[in-house]
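Below: upload-v3.cif (mmCIF, C-alpha atoms; chains and numbers go by the auth columns)
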data_my_file
loop_
_atom_site.group_PDB
_atom_site.id
_atom_site.type_symbol
_atom_site.label_atom_id
_atom_site.label_comp_id
_atom_site.label_asym_id
_atom_site.label_seq_id
_atom_site.Cartn_x
_atom_site.Cartn_y
_atom_site.Cartn_z
_atom_site.B_iso_or_equiv
_atom_site.auth_seq_id
_atom_site.auth_asym_id
ATOM 1 C CA MET A 1 119.334 79.411 92.209 0.00 1465 F
ATOM 2 C CA SER A 2 119.179 77.373 89.057 0.00 1466 F
ATOM 3 C CA LEU A 3 122.447 76.335 87.443 0.00 1467 F
ATOM 4 C CA LEU A 4 120.944 77.122 84.055 0.00 1468 F
ATOM 5 C CA ARG A 5 120.592 80.790 84.979 0.00 1469 F
ATOM 6 C CA CYS A 6 124.202 81.178 86.175 0.00 1470 F
ATOM 7 C CA ARG A 7 126.452 83.595 84.380 0.00 1471 F
ATOM 8 C CA PRO A 8 129.445 82.019 82.634 0.00 1472 F
ATOM 9 C CA GLN A 9 131.734 83.878 85.042 0.00 1473 F
ATOM 10 C CA ASP A 10 130.135 82.022 87.976 0.00 1474 F
ATOM 11 C CA LEU A 11 130.711 78.534 86.600 0.00 1475 F
ATOM 12 C CA PRO A 12 134.274 78.045 87.969 0.00 1476 F
ATOM 13 C CA SER A 13 133.067 78.950 91.469 0.00 1477 F
ATOM 14 C CA VAL A 14 130.048 76.650 91.159 0.00 1478 F
ATOM 15 C CA CYS A 15 132.239 73.808 89.876 0.00 1479 F
ATOM 16 C CA LEU A 16 134.698 74.210 92.750 0.00 1480 F
ATOM 17 C CA SER A 17 131.827 74.277 95.240 0.00 1481 F
ATOM 18 C CA VAL A 18 130.354 71.095 93.781 0.00 1482 F
ATOM 19 C CA LEU A 19 133.813 69.511 93.795 0.00 1483 F
ATOM 20 C CA PHE A 20 134.231 70.393 97.466 0.00 1484 F
ATOM 21 C CA LEU A 21 130.781 69.030 98.321 0.00 1485 F
ATOM 22 C CA VAL A 22 131.451 65.771 96.499 0.00 1486 F
ATOM 23 C CA SER A 23 134.832 65.401 98.201 0.00 1487 F
ATOM 24 C CA PHE A 24 133.207 65.994 101.576 0.00 1488 F
ATOM 25 C CA VAL A 25 130.499 63.393 100.949 0.00 1489 F
ATOM 26 C CA ALA A 26 133.016 60.906 99.549 0.00 1490 F
ATOM 27 C CA SER A 27 135.302 61.301 102.546 0.00 1491 F
ATOM 28 C CA MET A 28 132.540 60.499 105.022 0.00 1492 F
ATOM 29 C CA SER A 29 132.909 57.038 106.426 0.00 1493 F
ATOM 30 C CA THR A 30 129.926 54.747 106.652 0.00 1494 F
ATOM 31 C CA GLU A 31 130.592 54.368 110.366 0.00 1495 F
ATOM 32 C CA SER A 32 129.861 58.059 110.875 0.00 1496 F
ATOM 33 C CA LEU A 33 126.438 57.562 109.291 0.00 1497 F
ATOM 34 C CA SER A 34 125.327 54.802 111.641 0.00 1498 F
ATOM 35 C CA PRO A 35 123.041 56.045 114.402 0.00 1499 F
ATOM 36 C CA THR A 36 124.577 56.556 117.794 0.00 1500 F
ATOM 37 C CA PRO A 37 123.291 54.293 120.536 0.00 1501 F
ATOM 38 C CA GLY A 38 120.840 56.165 122.686 0.00 1502 F
ATOM 39 C CA PRO A 39 117.286 56.155 123.860 0.00 1503 F
ATOM 40 C CA GLU A 40 115.343 54.625 120.982 0.00 1504 F
ATOM 41 C CA SER A 41 112.016 55.684 122.417 0.00 1505 F
ATOM 42 C CA SER A 42 112.255 59.218 121.043 0.00 1506 F
ATOM 43 C CA ARG A 43 110.435 59.835 117.759 0.00 1507 F
ATOM 44 C CA TRP A 44 113.262 62.052 116.515 0.00 1508 F
ATOM 45 C CA SER A 45 115.851 59.327 117.042 0.00 1509 F
ATOM 46 C CA LEU A 46 113.653 56.942 115.017 0.00 1510 F
ATOM 47 C CA VAL A 47 113.328 59.506 112.233 0.00 1511 F
ATOM 48 C CA ARG A 48 117.078 60.101 112.313 0.00 1512 F
ATOM 49 C CA ALA A 49 117.773 56.377 112.138 0.00 1513 F
ATOM 50 C CA ARG A 50 115.410 55.995 109.172 0.00 1514 F
ATOM 51 C CA VAL A 51 116.996 58.903 107.302 0.00 1515 F
ATOM 52 C CA LEU A 52 120.461 57.492 107.928 0.00 1516 F
ATOM 53 C CA GLU A 53 119.311 54.111 106.602 0.00 1517 F
ATOM 54 C CA MET A 54 118.247 55.811 103.388 0.00 1518 F
ATOM 55 C CA VAL A 55 121.332 58.024 103.050 0.00 1519 F
ATOM 56 C CA GLU A 56 124.012 55.422 103.780 0.00 1520 F
ATOM 57 C CA PRO A 57 123.566 53.442 100.529 0.00 1521 F
ATOM 58 C CA LEU A 58 123.516 56.676 98.554 0.00 1522 F
ATOM 59 C CA VAL A 59 126.807 57.822 100.077 0.00 1523 F
ATOM 60 C CA THR A 60 128.382 54.417 99.495 0.00 1524 F
ATOM 61 C CA ARG A 61 127.272 54.313 95.847 0.00 1525 F
ATOM 62 C CA THR A 62 128.466 57.866 95.272 0.00 1526 F
ATOM 63 C CA ARG A 63 131.855 57.101 96.805 0.00 1527 F
ATOM 64 C CA ASP A 64 132.206 53.951 94.689 0.00 1528 F
ATOM 65 C CA ARG A 65 131.208 55.739 91.470 0.00 1529 F
ATOM 66 C CA TRP A 66 133.571 58.652 92.024 0.00 1530 F
ATOM 67 C CA GLN A 67 136.538 56.584 93.240 0.00 1531 F
ATOM 68 C CA TRP A 68 138.270 56.906 89.853 0.00 1532 F
ATOM 69 C CA PHE A 69 138.058 60.671 90.095 0.00 1533 F
ATOM 70 C CA TRP A 70 139.964 60.900 93.356 0.00 1534 F
ATOM 71 C CA GLY A 71 143.089 59.315 91.924 0.00 1535 F
ATOM 72 C CA PRO A 72 146.079 61.648 91.901 0.00 1536 F
ATOM 73 C CA GLY A 73 146.085 61.970 88.096 0.00 1537 F
ATOM 74 C CA ALA A 74 142.532 63.227 87.704 0.00 1538 F
ATOM 75 C CA VAL A 75 142.672 65.945 90.369 0.00 1539 F
ATOM 76 C CA GLN A 76 146.180 67.008 89.381 0.00 1540 F
ATOM 77 C CA GLY A 77 145.164 67.215 85.719 0.00 1541 F
ATOM 78 C CA PHE A 78 142.075 69.251 86.583 0.00 1542 F
ATOM 79 C CA MET A 79 144.031 71.696 88.723 0.00 1543 F
ATOM 80 C CA GLN A 80 146.782 72.061 86.099 0.00 1544 F
ATOM 81 C CA THR A 81 144.237 72.771 83.361 0.00 1545 F
ATOM 82 C CA TYR A 82 142.331 75.228 85.578 0.00 1546 F
ATOM 83 C CA TYR A 83 145.566 77.067 86.397 0.00 1547 F
ATOM 84 C CA GLU A 84 146.645 77.274 82.767 0.00 1548 F
ATOM 85 C CA ASP A 85 143.201 78.412 81.579 0.00 1549 F
ATOM 86 C CA HIS A 86 142.308 80.923 84.299 0.00 1550 F
ATOM 87 C CA LEU A 87 145.159 81.837 86.628 0.00 1551 F
ATOM 88 C CA LYS A 88 148.409 81.757 84.655 0.00 1552 F
ATOM 89 C CA ASP A 89 148.177 85.293 83.260 0.00 1553 F
ATOM 90 C CA LEU A 90 146.132 86.763 86.094 0.00 1554 F
ATOM 91 C CA GLY A 91 148.844 89.239 87.158 0.00 1555 F
ATOM 92 C CA PRO A 92 149.302 90.909 83.735 0.00 1556 F
ATOM 93 C CA ARG A 93 145.529 90.896 83.110 0.00 1557 F
ATOM 94 C CA THR A 94 144.907 92.559 86.482 0.00 1558 F
ATOM 95 C CA GLN A 95 147.557 95.193 85.867 0.00 1559 F
ATOM 96 C CA ALA A 96 146.156 95.955 82.408 0.00 1560 F
ATOM 97 C CA TRP A 97 142.634 96.246 83.832 0.00 1561 F
ATOM 98 C CA LEU A 98 143.800 98.571 86.622 0.00 1562 F
ATOM 99 C CA GLN A 99 145.663 100.761 84.106 0.00 1563 F
ATOM 100 C CA SER A 100 142.671 101.013 81.764 0.00 1564 F
ATOM 101 C CA SER A 101 140.314 101.690 84.693 0.00 1565 F
ATOM 102 C CA ARG A 102 142.570 104.453 85.969 0.00 1566 F
ATOM 103 C CA ASP A 103 142.833 106.012 82.505 0.00 1567 F
ATOM 104 C CA HIS A 104 139.077 105.814 82.017 0.00 1568 F
ATOM 105 C CA LEU A 105 138.434 107.412 85.421 0.00 1569 F
ATOM 106 C CA LEU A 106 140.915 110.225 84.725 0.00 1570 F
ATOM 107 C CA ASN A 107 139.358 110.879 81.317 0.00 1571 F
ATOM 108 C CA LYS A 108 135.865 110.926 82.802 0.00 1572 F
ATOM 109 C CA THR A 109 136.955 113.230 85.630 0.00 1573 F
ATOM 110 C CA HIS A 110 138.687 115.596 83.223 0.00 1574 F
ATOM 111 C CA SER A 111 135.626 115.730 80.986 0.00 1575 F
ATOM 112 C CA LEU A 112 133.452 116.712 83.971 0.00 1576 F
ATOM 113 C CA CYS A 113 135.854 119.377 85.193 0.00 1577 F
ATOM 114 C CA PRO A 114 134.938 122.985 84.249 0.00 1578 F
ATOM 115 C CA ARG A 115 137.381 124.613 81.825 0.00 1579 F
ATOM 116 C CA LEU A 116 138.099 127.452 84.231 0.00 1580 F
ATOM 117 C CA LEU A 117 139.295 125.076 86.988 0.00 1581 F
ATOM 118 C CA CYS A 118 141.141 122.523 84.850 0.00 1582 F
ATOM 119 C CA LYS A 119 143.708 123.270 82.195 0.00 1583 F
ATOM 120 C CA ASP A 120 143.264 121.741 78.785 0.00 1584 F
ATOM 121 C CA ARG A 121 145.372 118.620 78.396 0.00 1585 F
ATOM 122 C CA THR A 122 146.887 119.885 75.152 0.00 1586 F
ATOM 123 C CA GLN A 123 148.258 123.022 76.877 0.00 1587 F
ATOM 124 C CA GLY A 124 150.200 120.999 79.439 0.00 1588 F
#
Reformat the file's structure so that it appears as structure tokens.
Amino acid sequence: MSLLRCRPQDLPSVCLSVLFLVSFVASMSTESLSPTPGPESSRWSLVRARVLEMVEPLVTRTRDRWQWFWGPGAVQGFMQTYYEDHLKDLGPRTQAWLQSSRDHLLNKTHSLCPRLLCKDRTQG
């Protein structure tokens, strides 16, 4: 899925997923990327060792570049802004949506109901 084709409603979820992925990669230690000692005669172990050689500098550079981001101020500021922008009034918005949905459903149901079975709303 291309990020350019995402709906605007999906962007917070995508951003949080990317944030989680970056935090996971940044938290990996370089020791965990070094190949485990084992039989070096296997082709797959050689391929694995080569891939790890290529990935280790990338992880180290990424961790170094994003180090400023993982300070307490940056994450706390991001979470505070996200809460204020998206979650602060979630309760009242949800209640208003449920009320309007219920009213819409009742109106639709009443309009589909035959006049003989349902009383007119104006008659009580």
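Applied to the file shown here, the PyMOL selection byres ((chain F and resi 1529-1542) around 12) selects Pro1476, Cys1479, Leu1480, Leu1483, Phe1484, Val1486, Ser1487, Phe1488, Val1489, Ala1490, Ser1491, Leu1522, Val1523, Thr1524, Arg1525, Thr1526, Arg1527, Asp1528, Met1543, Gln1544, Thr1545, Tyr1546, Tyr1547, Glu1548, Asp1549 and His1550 of chain F.
Across the model, the gap from CA of Leu1554 (chain F) to CA of Leu1475 (chain F) is 17.5 Å.
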Once 8 Å is added on each side, what centre and edge lengths in Å to one decimal does the axis-aligned box around all listed atoms of region 1547-1556 of chain F have, as lines of an AutoDock Vina configuration file?
center_x = 145.8
center_y = 84.0
center_z = 84.4
size_x = 23.0
size_y = 29.8
size_z = 21.6
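Straight-line separation from CA of Arg1566 (chain F) to CA of Lys1552 (chain F): 23.5 Å.
Of note, CA of Leu1570 (chain F) and CA of Leu1551 (chain F) are spaced 28.8 Å apart.
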